[in-house]
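All remarks here apply to the structure that follows.
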Amino acid sequence: METVTINIPDDKSELVKQVLAEMGVTIEPTGAEKQKRAAYREKLLKISVWSDEEIKPIEDARQHFNFKPEEW
């Protein structure tokens with residue numbers, strides 16, 4: 001396998017990357033892209049997961065509210 005570095009104008013970058021990806025070229029992320037991904041991954045890790053037991057009271061309370069739009 002050969003490694004090639006090319007400079008692409010910003011306005012054509014996504015198009016060129018898409019064409020190369022369709023041709024089977026592997027594109028390694030840059031340092032800035034890696035930092036963006038790491039920051040996004042950190043945000044995802046902070047999302048809490050609720051168990052079925054924690055959601056049950058919310059679902060039960062929802063059944064007591066019957067909001068129906070009023071017909072004109």
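Following the order of the structure tokens, chains are lettered A, B, ..., residues in each are numbered from 1, and ligands are numbered from 1.
Near A:Lys17, within 12 Å and counting only C-alpha atoms, sit Ile6, Asn7, Ile8, Pro9, Asp10, Asp11, Lys12, Glu22, Met23, Gly24, Val25, Thr26, Ile27, Glu28 and Pro29 of chain A; same-chain residues fewer than 5 positions away were not included.
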Next item on the list: Would you mind writing down, as a PyMOL selection string, each residue of chain A that DSSP on the backbone assigns to helix (DSSP H, G or I)?
Entry: chain A and resi 10-22+31-45+52-62
